[in-house]
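J.: Sharing my_file-v4.cif, mmCIF, C-alpha atoms:
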```
data_protein
#
loop_
_atom_site.label_atom_id
_atom_site.label_comp_id
_atom_site.auth_asym_id
_atom_site.auth_seq_id
_atom_site.Cartn_x
_atom_site.Cartn_y
_atom_site.Cartn_z
CA TRP A 1 88.07 146.33 109.81
CA ARG A 2 90.54 144.61 107.51
CA ARG A 3 88.12 144.61 104.56
CA ILE A 4 87.18 148.23 105.13
CA THR A 5 90.84 149.25 105.24
CA MET A 6 91.56 147.32 102.06
CA SER A 7 88.63 149.08 100.36
CA ILE A 8 90.07 152.43 101.42
CA VAL A 9 93.47 151.35 100.07
CA ASN A 10 91.91 150.34 96.73
CA VAL A 11 90.22 153.71 96.33
CA ALA A 12 93.39 155.56 97.35
CA VAL A 13 95.47 153.60 94.82
CA ARG A 14 92.96 154.22 92.02
CA THR A 15 93.03 157.95 92.72
CA GLY A 16 96.83 158.04 93.05
CA ASN A 17 96.73 158.99 96.72
CA TRP A 18 99.78 156.94 97.65
CA ARG A 19 100.17 158.48 101.12
CA VAL A 20 96.65 157.43 102.21
CA ALA A 21 97.16 153.93 100.79
CA LEU A 22 100.53 153.42 102.47
CA THR A 23 99.41 154.93 105.78
CA SER A 24 96.29 152.75 105.83
CA LEU A 25 98.30 149.60 105.13
CA ASP A 26 100.89 150.55 107.76
CA GLU A 27 98.12 151.03 110.35
CA LEU A 28 96.57 147.70 109.37
CA LEU A 29 99.94 146.00 109.77
CA LYS A 30 100.24 147.46 113.28
CA LYS A 31 96.72 146.30 114.23
CA ILE A 32 97.42 142.69 113.41
CA GLN A 33 98.33 141.23 116.74
CA PHE A 34 100.56 138.18 116.76
CA LYS A 35 98.58 135.46 118.51
CA SER A 36 99.95 131.94 118.57
CA SER A 37 96.47 130.46 118.15
CA HIS A 38 96.02 132.44 114.92
CA GLU A 39 99.65 132.58 113.84
CA PHE A 40 99.08 131.03 110.41
CA GLN A 41 96.28 133.51 109.56
CA THR A 42 98.28 136.47 110.92
CA LEU A 43 101.27 135.55 108.78
CA GLY A 44 98.98 135.30 105.74
CA TYR A 45 97.65 138.81 106.40
CA GLN A 46 101.18 140.13 106.79
CA ILE A 47 102.20 138.59 103.47
CA GLU A 48 99.18 140.19 101.79
CA ILE A 49 99.91 143.61 103.31
CA TYR A 50 103.64 143.55 102.51
CA SER A 51 102.78 142.55 98.94
CA ARG A 52 100.25 145.37 98.61
CA ILE A 53 102.75 147.91 99.94
CA GLY A 54 105.35 146.59 97.50
CA LYS A 55 102.92 146.94 94.59
CA ILE A 56 102.13 150.52 95.59
CA PHE A 57 105.83 151.38 95.62
CA LEU A 58 106.12 149.66 92.25
CA GLN A 59 103.33 151.87 90.88
CA MET A 60 105.09 154.92 92.30
CA GLY A 61 108.24 153.90 90.42
CA ASN A 62 110.25 153.20 93.59
CA LEU A 63 111.64 149.79 92.65
CA GLU A 64 114.03 149.65 95.60
CA GLU A 65 111.27 150.02 98.21
CA ALA A 66 109.05 147.66 96.23
CA SER A 67 111.82 145.09 96.31
CA ASN A 68 112.26 145.57 100.08
CA TYR A 69 108.58 144.96 100.80
CA PHE A 70 108.41 142.01 98.42
CA GLU A 71 111.36 140.57 100.36
CA PHE A 72 109.48 141.12 103.66
CA ALA A 73 106.56 139.21 102.13
CA LYS A 74 108.88 136.41 101.01
CA GLN A 75 110.53 136.10 104.42
CA THR A 76 107.12 136.02 106.10
CA ASP A 77 106.02 133.33 103.64
CA ILE A 78 109.07 131.27 104.58
CA GLN A 79 108.15 131.71 108.24
CA ARG A 80 104.62 130.51 107.43
CA ALA A 81 106.03 127.48 105.59
CA SER A 82 108.12 126.66 108.66
CA LEU A 83 104.98 126.82 110.77
CA ILE A 84 103.27 124.39 108.39
CA LEU A 85 106.21 122.02 108.71
CA THR A 86 105.91 122.20 112.47
CA MET A 87 102.16 121.61 112.34
CA ASN A 88 102.61 118.70 109.93
CA SER A 89 105.33 117.11 112.02
CA HIS A 90 102.98 117.15 115.02
CA ASP A 91 100.30 115.47 112.91
CA ASN A 92 102.82 113.06 111.27
CA GLN A 93 101.49 114.06 107.85
CA ASP A 94 104.50 115.82 106.36
CA ASP A 95 104.96 114.51 102.85
CA GLY A 96 107.10 117.48 101.79
CA THR A 97 104.70 118.81 99.17
CA LYS A 98 102.84 121.38 101.25
CA ASN A 99 106.10 122.97 102.34
CA LYS A 100 107.28 123.50 98.77
CA GLU A 101 103.98 125.12 97.77
CA CYS A 102 104.11 127.52 100.69
CA VAL A 103 107.70 128.63 100.19
CA THR A 104 106.98 129.45 96.55
CA SER A 105 103.41 130.64 96.98
CA PRO A 106 101.74 132.25 93.97
CA ARG A 107 101.68 135.67 95.65
CA ILE A 108 105.47 135.59 96.08
CA LEU A 109 105.96 134.40 92.49
CA LEU A 110 103.65 137.18 91.27
CA ASN A 111 105.56 139.78 93.29
CA THR A 112 108.84 138.56 91.83
CA GLY A 113 107.34 138.56 88.33
CA LEU A 114 106.05 142.12 88.68
CA LEU A 115 109.45 143.29 89.87
CA ALA A 116 111.18 141.48 86.99
CA PHE A 117 108.72 143.12 84.58
CA ALA A 118 109.47 146.57 86.08
CA HIS A 119 113.19 145.91 85.48
CA ASN A 120 112.42 145.03 81.83
CA HIS A 121 113.24 141.34 82.36
CA PHE A 122 110.25 140.25 80.34
CA LYS A 123 111.24 136.62 79.76
CA ALA A 124 111.82 136.01 83.49
CA ALA A 125 108.56 137.81 84.31
CA SER A 126 106.66 135.70 81.79
CA GLU A 127 108.11 132.48 83.25
CA LEU A 128 107.09 133.54 86.76
CA PHE A 129 103.58 134.46 85.59
CA HIS A 130 103.30 131.04 83.93
CA GLN A 131 104.27 129.40 87.24
CA VAL A 132 101.50 131.35 88.99
CA ILE A 133 99.00 130.23 86.37
CA GLU A 134 100.11 126.61 86.67
CA PHE A 135 99.79 126.76 90.44
CA GLU A 136 96.29 128.21 90.17
CA LYS A 137 95.32 125.61 87.55
CA LYS A 138 96.33 122.81 89.90
CA ARG A 139 94.60 124.46 92.82
CA SER A 140 91.33 125.19 91.09
CA HIS A 141 91.24 122.49 88.37
CA ASN A 142 90.06 125.12 85.87
CA LYS A 143 90.68 125.62 82.15
CA THR A 144 94.11 125.98 80.62
CA PHE A 145 95.57 129.48 80.60
CA SER A 146 98.06 130.76 78.07
CA PHE A 147 100.06 133.88 77.35
CA ASP A 148 99.90 133.02 73.65
CA HIS A 149 97.41 134.77 71.36
CA HIS A 150 97.62 132.05 68.71
CA SER A 151 96.54 129.10 70.84
CA THR A 152 94.27 126.68 69.01
CA SER A 153 92.63 125.23 72.10
CA SER A 154 90.07 126.97 74.29
CA SER A 155 92.26 129.17 76.45
CA THR A 156 92.58 132.56 78.02
CA THR A 157 95.20 135.17 77.16
CA ILE A 158 96.91 137.07 79.92
CA SER A 159 97.96 140.58 79.00
CA THR A 160 100.38 142.35 81.28
CA THR A 161 100.83 146.07 80.73
CA GLN A 162 102.60 148.89 82.43
CA GLN A 163 101.49 152.42 81.58
CA GLN A 164 103.01 155.69 82.58
CA GLY A 165 100.51 157.83 84.45
CA GLY A 166 100.10 161.58 84.42
CA GLY A 167 101.64 162.34 87.78
CA GLY A 168 101.27 161.61 91.41
CA ASN A 169 104.86 161.74 92.38
CA GLU A 170 107.31 164.54 91.93
CA GLY A 171 108.87 163.02 88.84
CA GLY A 172 105.47 162.95 87.15
CA GLY A 173 106.03 159.39 85.97
CA ASP A 174 104.17 156.95 88.16
CA PHE A 175 103.62 153.55 86.59
CA VAL A 176 100.40 151.61 86.78
CA GLU A 177 100.63 147.87 86.27
CA SER A 178 97.72 145.75 85.32
CA ILE A 179 97.10 142.16 84.41
CA MET A 180 94.14 141.60 82.14
CA ILE A 181 92.53 138.24 81.48
CA ILE A 182 91.14 138.14 77.95
CA PRO A 183 88.91 135.24 76.86
CA THR A 184 89.99 133.95 73.45
CA SER A 185 87.03 131.78 72.54
CA PRO A 186 83.23 132.00 72.72
CA GLU A 187 83.22 129.19 75.30
CA ASP A 188 85.46 131.28 77.56
CA LEU A 189 83.12 134.26 77.25
CA LEU A 190 80.19 132.13 78.36
CA SER A 191 82.06 130.65 81.32
CA THR A 192 83.17 133.98 82.82
#
```
Take the structure in the file and give it back as structure tokens.
T.:
Amino acid sequence: WRRITMSIVNVAVRTGNWRVALTSLDELLKKIQFKSSHEFQTLGYQIEIYSRIGKIFLQMGNLEEASNYFEFAKQTDIQRASLILTMNSHDNQDDGTKNKECVTSPRILLNTGLLAFAHNHFKAASELFHQVIEFEKKRSHNKTFSFDHHSTSSSTTISTTQQQGGGGNEGGGDFVESIMIIPTSPEDLLST
């Protein structure tokens, strides 16, 4: 049911039907029952849903509501990190590194970067996006990513754009954000 709802949300967002997207996500959030045996997974779903709601408000141009939902996601991520600390302390395996990764998870960094971008703080947004890329590089052990177009090594360019749409809210100026990954070498084209 979660995947189906997320598919409905994706279609609603693409068609600019913000009400359907937000209502569907709100219903999904209500369906997630807090169960102590699945607490970690439930918190992860909540972070994902809060982030999605925040991104929808960002696309609608409502930066204040976007910020509120991104903050909900961040607070839930902190709660999840606390749970990891508790789990690690029971297992006597807490080396301090997992906690740091969870508090500053890539989704939270991306949310913060998107909000900074929407506020025209491009340097801060770029730094946050680089942190996300570095985190993902470490996690996946993949190729080097770069925001630079003039890189001499085999890399991938990340293009972040924000376009004003034709309507969808009463002001007629909804914004659509997108992040595009552009291969910059023939080797990258073959590996994708």
J.: Find the distance between CA of Thr5 in chain A and CA of Gln59 in chain A and write it in Å to one decimal.
T.: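 Separation between CA of Thr5 in chain A and CA of Gln59 in chain A: 19.2 Å.
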J.: By how many Å are CA of Ile47 in chain A and CA of Ala73 in chain A apart?
T.: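 Going from CA of Ile47 in chain A over to CA of Ala73 in chain A covers 4.6 Å.
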J.: Please enumerate the residues selected by the PyMOL selection byres ((chain A and resi 53) around 8) when evaluated against the supplied file, formatted as JSON, numbers by chain.
T.: {"A": [22, 25, 49, 50, 51, 52, 54, 55, 56, 57, 66, 69]}
J.: Neighbours of Gly113 in chain A within 9 Å (all atoms listed in the file; same-chain residues fewer than 3 positions away dropped), as a PyMOL selection string?
T.: chain A and resi 108-110+116-118+121-122+124-129
J.: Do you know which residues are at most 10 Å from Trp1 in chain A counting only C-alpha atoms, after dropping those on the same chain fewer than 5 positions away, and could you put them as a VMD selection string?
T.: chain A and resid 6 to 7 28 31
J.: What does the distance between CA of Thr76 in chain A and CA of Asn111 in chain A come to in Å, to one decimal place?
T.: 13.4 Å
